[in-house]
Amino acid sequence: MEVPKELLYTQEHEWIRIDGKKAVIGITQFAQEQLGDIVFVELPEVGSEIEQSSPFGVVESVKTVSDLYAPASGKVTAVNKDLESNPEKVNSEPYGGGWIVEIELSNEKDLESLLNPTAYTEQCQKETE
């Protein structure tokens, strides 16, 4: 299981990559493996506000439908439009081309409650026991 060291994680299996006040959000390799083949991603509107721990979109797979939960609060500055026609990129490139949204962080303190790579790895191991 790939858990990039430069990212932070939520207990709901989203990741966030911080670059100053900007952040990119996606779902983890563990999450996409649990979901199976992703067939649809519902994206928020550019310009909308998302709140930490609140749903901001939906991922639909052949097995189930799952809400996406915001790892941090902020304003959506970009969405991955490529996922509209190629939702399977979330499966094939969860940490690259399968990113979901970019936000401008509104409260950097949100990041303090996220999991570091070690803690996230431990959580995933517990879930598969």
# chains A, B, ... in the order shown; residues from 1 in each chain; ligands from 1
call {"tool": "closest_atom_pairs", "arguments": {"of": "region 9-64 of chain A", "to": "region 105-114 of chain A", "cutoff": "10 Å", "atoms": "only C-alpha atoms", "output": "JSON lines"}}
result
{"residue": "A:Tyr9", "atom": "CA", "partner": "A:Leu114", "partner_atom": "CA", "distance": 5.6}
{"residue": "A:Thr10", "atom": "CA", "partner": "A:Leu114", "partner_atom": "CA", "distance": 5.6}
{"residue": "A:Gln11", "atom": "CA", "partner": "A:Leu114", "partner_atom": "CA", "distance": 7.9}
{"residue": "A:Glu14", "atom": "CA", "partner": "A:Leu114", "partner_atom": "CA", "distance": 10.0}
{"residue": "A:Trp15", "atom": "CA", "partner": "A:Leu114", "partner_atom": "CA", "distance": 9.2}
{"residue": "A:Ile16", "atom": "CA", "partner": "A:Leu111", "partner_atom": "CA", "distance": 9.1}
{"residue": "A:Ile18", "atom": "CA", "partner": "A:Leu105", "partner_atom": "CA", "distance": 9.0}
{"residue": "A:Asp19", "atom": "CA", "partner": "A:Leu105", "partner_atom": "CA", "distance": 9.9}
{"residue": "A:Gly20", "atom": "CA", "partner": "A:Leu105", "partner_atom": "CA", "distance": 8.7}
{"residue": "A:Lys21", "atom": "CA", "partner": "A:Leu105", "partner_atom": "CA", "distance": 5.3}
{"residue": "A:Lys22", "atom": "CA", "partner": "A:Leu105", "partner_atom": "CA", "distance": 6.0}
{"residue": "A:Ala23", "atom": "CA", "partner": "A:Leu105", "partner_atom": "CA", "distance": 6.8}
{"residue": "A:Val24", "atom": "CA", "partner": "A:Leu105", "partner_atom": "CA", "distance": 10.0}
{"residue": "A:Glu49", "atom": "CA", "partner": "A:Ser106", "partner_atom": "CA", "distance": 9.3}
{"residue": "A:Ile50", "atom": "CA", "partner": "A:Ser106", "partner_atom": "CA", "distance": 9.5}
{"residue": "A:Glu51", "atom": "CA", "partner": "A:Ser106", "partner_atom": "CA", "distance": 9.2}
{"residue": "A:Gln52", "atom": "CA", "partner": "A:Asp110", "partner_atom": "CA", "distance": 7.0}
{"residue": "A:Ser53", "atom": "CA", "partner": "A:Asp110", "partner_atom": "CA", "distance": 9.6}
call {"tool": "closest_residue", "arguments": {"among": "A:Ser48, A:Gln123, A:Thr128, A:Asn80", "to": "Ile25 (chain A)", "atoms": "only C-alpha atoms"}}
result
A:Asn80
call {"tool": "closest_residue", "arguments": {"among": "A:Thr118, A:Gln125, A:Lys81, A:Lys63", "to": "Leu7 (chain A)", "atoms": "only C-alpha atoms"}}
result
A:Thr118
call {"tool": "atom_distance", "arguments": {"atom1": "CA of Pro44 (chain A)", "atom2": "CA of Val65 (chain A)"}}
result
16.0 Å
call {"tool": "closest_residue", "arguments": {"among": "A:Pro4, A:Pro117, A:Gly98, A:Gly26", "to": "Pro71 (chain A)", "atoms": "only C-alpha atoms"}}
result
A:Gly26
call {"tool": "closest_residue", "arguments": {"among": "A:Glu42, A:Glu60, A:Glu88, A:Glu127", "to": "Val101 (chain A)", "atoms": "only C-alpha atoms"}}
result
A:Glu42
call {"tool": "select_by_dssp", "arguments": {"residues": "chain A", "states": "alpha helix (DSSP H)", "output": "list of chain:residue names"}}
result
A:Gln29, A:Phe30, A:Ala31, A:Gln32, A:Glu33, A:Gln34, A:Leu35, A:Asp82, A:Leu83, A:Glu84, A:Ser85, A:Lys89, A:Val90, A:Asn91, A:Ser92, A:Pro117, A:Thr118, A:Ala119, A:Tyr120, A:Thr121, A:Glu122, A:Gln123, A:Cys124, A:Gln125, A:Lys126, A:Glu127
call {"tool": "select_by_dssp", "arguments": {"residues": "region 21-92 of chain A", "states": "strand (DSSP E)", "output": "PDB file with C-alpha atoms, in the first residue's frame"}}
result
ATOM      1  CA  LYS A  22      -3.176  26.042  -1.667  1.00  0.00           C
ATOM      2  CA  ALA A  23      -4.026  22.402  -1.144  1.00  0.00           C
ATOM      3  CA  VAL A  24      -4.901  19.520  -3.445  1.00  0.00           C
ATOM      4  CA  ILE A  25      -7.259  16.791  -2.197  1.00  0.00           C
ATOM      5  CA  GLY A  26      -7.914  13.249  -3.374  1.00  0.00           C
ATOM      6  CA  ILE A  27      -8.670   9.779  -2.024  1.00  0.00           C
ATOM      7  CA  ILE A  38     -14.799   3.979  -9.831  1.00  0.00           C
ATOM      8  CA  VAL A  39     -17.432   4.890 -12.396  1.00  0.00           C
ATOM      9  CA  PHE A  40     -18.428   8.448 -11.377  1.00  0.00           C
ATOM     10  CA  VAL A  41     -17.070  11.364  -9.337  1.00  0.00           C
ATOM     11  CA  GLU A  42     -19.346  14.229  -8.283  1.00  0.00           C
ATOM     12  CA  GLU A  49     -16.675  26.777   0.193  1.00  0.00           C
ATOM     13  CA  ILE A  50     -15.979  23.413   1.769  1.00  0.00           C
ATOM     14  CA  PRO A  55     -19.033  16.108   2.559  1.00  0.00           C
ATOM     15  CA  PHE A  56     -17.959  18.001  -0.578  1.00  0.00           C
ATOM     16  CA  GLY A  57     -18.572  15.417  -3.290  1.00  0.00           C
ATOM     17  CA  VAL A  58     -19.321  11.780  -4.036  1.00  0.00           C
ATOM     18  CA  VAL A  59     -17.407   8.845  -5.488  1.00  0.00           C
ATOM     19  CA  GLU A  60     -19.470   6.077  -7.062  1.00  0.00           C
ATOM     20  CA  SER A  61     -17.980   2.666  -7.721  1.00  0.00           C
ATOM     21  CA  VAL A  65     -21.462   5.220  -3.326  1.00  0.00           C
ATOM     22  CA  SER A  66     -19.280   7.120  -0.826  1.00  0.00           C
ATOM     23  CA  ASP A  67     -19.189  10.720   0.300  1.00  0.00           C
ATOM     24  CA  LEU A  68     -15.928  12.643   0.082  1.00  0.00           C
ATOM     25  CA  TYR A  69     -15.046  14.477   3.308  1.00  0.00           C
ATOM     26  CA  GLY A  74     -11.373  26.394   2.144  1.00  0.00           C
ATOM     27  CA  LYS A  75     -12.584  27.794  -1.153  1.00  0.00           C
ATOM     28  CA  VAL A  76     -12.550  25.475  -4.163  1.00  0.00           C
ATOM     29  CA  THR A  77     -10.166  27.000  -6.722  1.00  0.00           C
ATOM     30  CA  ALA A  78     -10.082  24.092  -9.203  1.00  0.00           C
ATOM     31  CA  VAL A  79     -11.710  20.717  -9.830  1.00  0.00           C
TER      32      VAL A  79
END
call {"tool": "atom_distance", "arguments": {"atom1": "CA of Glu84 (chain A)", "atom2": "CA of Met1 (chain A)"}}
result
26.1 Å
call {"tool": "atom_distance", "arguments": {"atom1": "CA of Ala119 (chain A)", "atom2": "CA of Gln29 (chain A)"}}
result
15.4 Å
